Amino acid sequence: MSILITNIKELVQVREHNVTIVKGKDMKDLPVLKNAYLYIEHDTIVEYGSMNDVDGIEAEETIDATGKIVLPAWCDSHTHLVYAGNRVQEFVDRINGLSYEDIANRGGGILNSAETLQNTSEEELYKQAVERLNTVIRLGTGAIEIKSGYGLTVEAELKMLRVIKRLKQDFPVKVKPTLLAAHALPKAYKNKKTEFIDLIVNEMIPAVTKERLATYIDVFCEKGYFDLEDTRRVLEAGTQNGLKPKIHVNQFNAFGGVALGTEFNAISVDHLEEMNPEDIEALKSSETMPVALPGCSYFLGIPYTPARTLIDAGLPLALATDYNPGSTPSGNMNFVVSAACIKMKMTPEEAINAATINGAYAMNISNMYGSICRGKKANVIITKPIPSYAYLTYAFGENHIDTVIINGRTFE
């Protein structure tokens, strides 16, 4: 199958060489080719250029993109897309004055989702996840990380990861699975955190690696959840079993989790709503990607990741949705990119870099995803006719996407 996209108003994120990460002031640079074409064969970007040079290129399908923008599909490096049911009642409770911590302390939050998931069949869990994944792909997501963490038992965590594996097999998008067993302390282990960590280390991680169900290991490193010592134990066990670290850190408190993540060469440290100078210094001397989740800040009414501080310090930054039932019930990367500009003072260029190349880096796939580059996977968004790529971030309440191509095929 070959596709030729012609008369592209702006071909965005064009890279002559395979850039795999963008940092600091370079994040303001977003290469754009106007009045362009893009040629795709099978699942690969083969050629692109000015419409003046398109003569002689033939394809099985030609798409006229007059007035439209073409850019790489979004790379969403942090989601909890596989879950059961919803937590709309907790949303109402928060409106009525309860905090996220209040709800968690009375057995809501993650424990609520875990109980629902444990009582949901694998087939039903898969059906719910399919619906969500279809939705986010149509919203332009072409690569996605999905975490476990709403099981909190060996059986239920494996059930989640098996569903993620099925999604990976059944959908054309790139899916990266993460074991997040250390997401919350189950009711059965109340006041027995050491025993739960023992369960994760001695049973869950070996079972997951035996079935090859995860690429990454993750921990919710936060006060009231898992401290630095807990996090270290889980990361050590994960890395010994071939799992690469990613960490939830600094969502509500900053107490050394970022430095611990960089010590383990974590591929990413995610949330970072609270930051201190020591965190910045730790990141400067690492290859770890900071990941901001503005949808979570919006939904919970908590501070936003200090993007300007990070970028102005010369660091990279990625953007992701944190799609989950409790703190971000949306997988819409278009909203995330807009929110980053509106609330985090990122430029449109920085936000698009953060949601494409750097998002791919945070999944260790930026060698093949995240930019318009010869030889990379043909995962692209074709917008409706709009004035410019900046309009994507400006008109945040509209759906600007006309067509999504995943692995060289139009996603229906």
# chains A, B, ... in the order shown; residues from 1 in each chain; ligands from 1
>>> select_by_dssp(residues="stretch 85-328 of chain A", states="helix (DSSP H, G or I)", output="number ranges by chain")
A: 88-95, 100-105, 110-118, 122-138, 154-170, 187-189, 193-210, 228-240, 257-263, 277-284, 294-300, 307-312
>>> select_by_dssp(residues="stretch 38-87 of chain A", states="strand (DSSP E or B)", output="number ranges by chain")
A: 38-41, 44-50, 61-64, 66, 69-72, 74-76, 79
>>> residues_around(residues="stretch 316-325 of chain A", least_positions_apart="5", cutoff="7 Å", atoms="only C-alpha atoms", output="NGL selection string")
:A and (22-24 or 76-81 or 86-87 or 289-293 or 295-296 or 311 or 330-333 or 336 or 354-355 or 358-359)
>>> write_last_selection(atoms="N, CA and C atoms", output="CSV table (one decimal), in the first residue's frame")
chain,number,residue,atom,x,y,z
A,22,VAL,N,14.6,16.5,22.0
A,22,VAL,CA,14.8,18.0,21.8
A,22,VAL,C,14.8,18.6,23.2
A,23,LYS,N,15.9,19.4,23.5
A,23,LYS,CA,16.1,20.0,24.8
A,23,LYS,C,16.1,21.5,24.8
A,24,GLY,N,15.8,22.1,26.0
A,24,GLY,CA,16.0,23.5,26.2
A,24,GLY,C,15.5,24.4,25.1
A,76,ASP,N,1.8,9.4,23.3
A,76,ASP,CA,1.3,9.6,24.7
A,76,ASP,C,2.0,8.6,25.6
A,77,SER,N,3.0,9.1,26.4
A,77,SER,CA,3.9,8.2,27.2
A,77,SER,C,3.4,7.9,28.6
A,78,HIS,N,2.2,8.3,29.0
A,78,HIS,CA,1.8,8.0,30.3
A,78,HIS,C,0.2,7.9,30.3
A,79,THR,N,-0.3,6.7,30.4
A,79,THR,CA,-1.7,6.5,30.5
A,79,THR,C,-2.0,5.3,31.4
A,80,HIS,N,-3.2,5.3,31.9
A,80,HIS,CA,-3.8,4.1,32.6
A,80,HIS,C,-5.1,3.7,31.9
A,81,LEU,N,-5.0,3.6,30.6
A,81,LEU,CA,-6.2,3.4,29.8
A,81,LEU,C,-7.0,2.2,30.1
A,86,ASN,N,-16.0,3.7,36.2
A,86,ASN,CA,-15.6,5.2,36.3
A,86,ASN,C,-15.6,5.6,37.7
A,87,ARG,N,-15.2,6.8,38.0
A,87,ARG,CA,-15.3,7.4,39.3
A,87,ARG,C,-16.0,8.7,39.4
A,289,MET,N,13.8,11.6,30.9
A,289,MET,CA,12.9,12.6,30.4
A,289,MET,C,11.9,13.1,31.5
A,290,PRO,N,11.8,14.4,31.8
A,290,PRO,CA,10.7,14.9,32.6
A,290,PRO,C,9.4,14.9,31.8
A,291,VAL,N,8.3,14.4,32.4
A,291,VAL,CA,7.0,14.3,31.7
A,291,VAL,C,6.0,15.1,32.5
A,292,ALA,N,5.3,16.0,31.8
A,292,ALA,CA,4.3,16.8,32.5
A,292,ALA,C,2.9,16.3,32.0
A,293,LEU,N,1.9,16.4,33.0
A,293,LEU,CA,0.6,15.8,32.8
A,293,LEU,C,-0.4,16.9,33.1
A,295,GLY,N,-3.4,17.6,32.0
A,295,GLY,CA,-4.8,17.2,32.2
A,295,GLY,C,-5.1,16.9,33.6
A,296,CYS,N,-4.1,16.3,34.3
A,296,CYS,CA,-4.3,16.0,35.8
A,296,CYS,C,-4.4,17.3,36.6
A,311,ILE,N,12.5,23.9,30.9
A,311,ILE,CA,13.0,24.2,29.6
A,311,ILE,C,14.1,25.2,29.6
A,330,SER,N,-9.5,11.6,30.5
A,330,SER,CA,-9.5,12.0,29.1
A,330,SER,C,-8.1,11.6,28.5
A,331,GLY,N,-8.2,11.0,27.3
A,331,GLY,CA,-7.0,10.7,26.6
A,331,GLY,C,-6.7,11.6,25.5
A,332,ASN,N,-7.2,12.8,25.5
A,332,ASN,CA,-7.2,13.7,24.4
A,332,ASN,C,-5.9,14.5,24.4
A,333,MET,N,-4.9,14.1,23.6
A,333,MET,CA,-3.6,14.8,23.5
A,333,MET,C,-3.7,16.2,23.0
A,336,VAL,N,-4.2,18.3,25.8
A,336,VAL,CA,-3.0,18.4,26.6
A,336,VAL,C,-2.0,19.4,26.0
A,354,ALA,N,7.1,18.4,22.5
A,354,ALA,CA,7.0,17.7,23.7
A,354,ALA,C,6.0,16.5,23.6
A,355,ALA,N,5.0,16.7,22.7
A,355,ALA,CA,4.0,15.6,22.5
A,355,ALA,C,4.3,14.7,21.3
A,358,ASN,N,9.6,14.1,22.0
A,358,ASN,CA,10.0,13.8,23.4
A,358,ASN,C,9.0,12.8,24.0
A,359,GLY,N,7.8,12.8,23.6
A,359,GLY,CA,6.9,11.8,24.1
A,359,GLY,C,7.3,10.4,23.6
>>> closest_residue(among="A:Pro329, A:Ala259, A:Asn241, A:Glu41", to="A:Arg132", atoms="only C-alpha atoms")
A:Pro329
>>> residues_around(residues="stretch 388-397 of chain A", least_positions_apart="6", cutoff="10 Å", atoms="only C-alpha atoms", output="list in words")
Lys9, Glu10, Leu11, Val12, Val32, Gly67, Lys68, Ile69, Val70, Leu71, Asn334, Phe335, Val336, Val337, Ser338, Ala339, Ala340, Cys341, Ile342, Thr347, Pro348, Glu349, Ala351 and Ile352 of chain A
>>> closest_atom_pairs(of="stretch 287-397 of chain A", to="stretch 174-189 of chain A", cutoff="10 Å", atoms="only C-alpha atoms", output="Markdown table")
| residue | atom | partner | partner_atom | distance |
| --- | --- | --- | --- | --- |
| A:Met363 | CA | A:Lys176 | CA | 7.1 |
| A:Asn364 | CA | A:Lys176 | CA | 9.3 |
| A:Ile365 | CA | A:Lys174 | CA | 9.0 |
| A:Tyr369 | CA | A:Lys174 | CA | 9.1 |
| A:Asn379 | CA | A:Lys174 | CA | 9.8 |
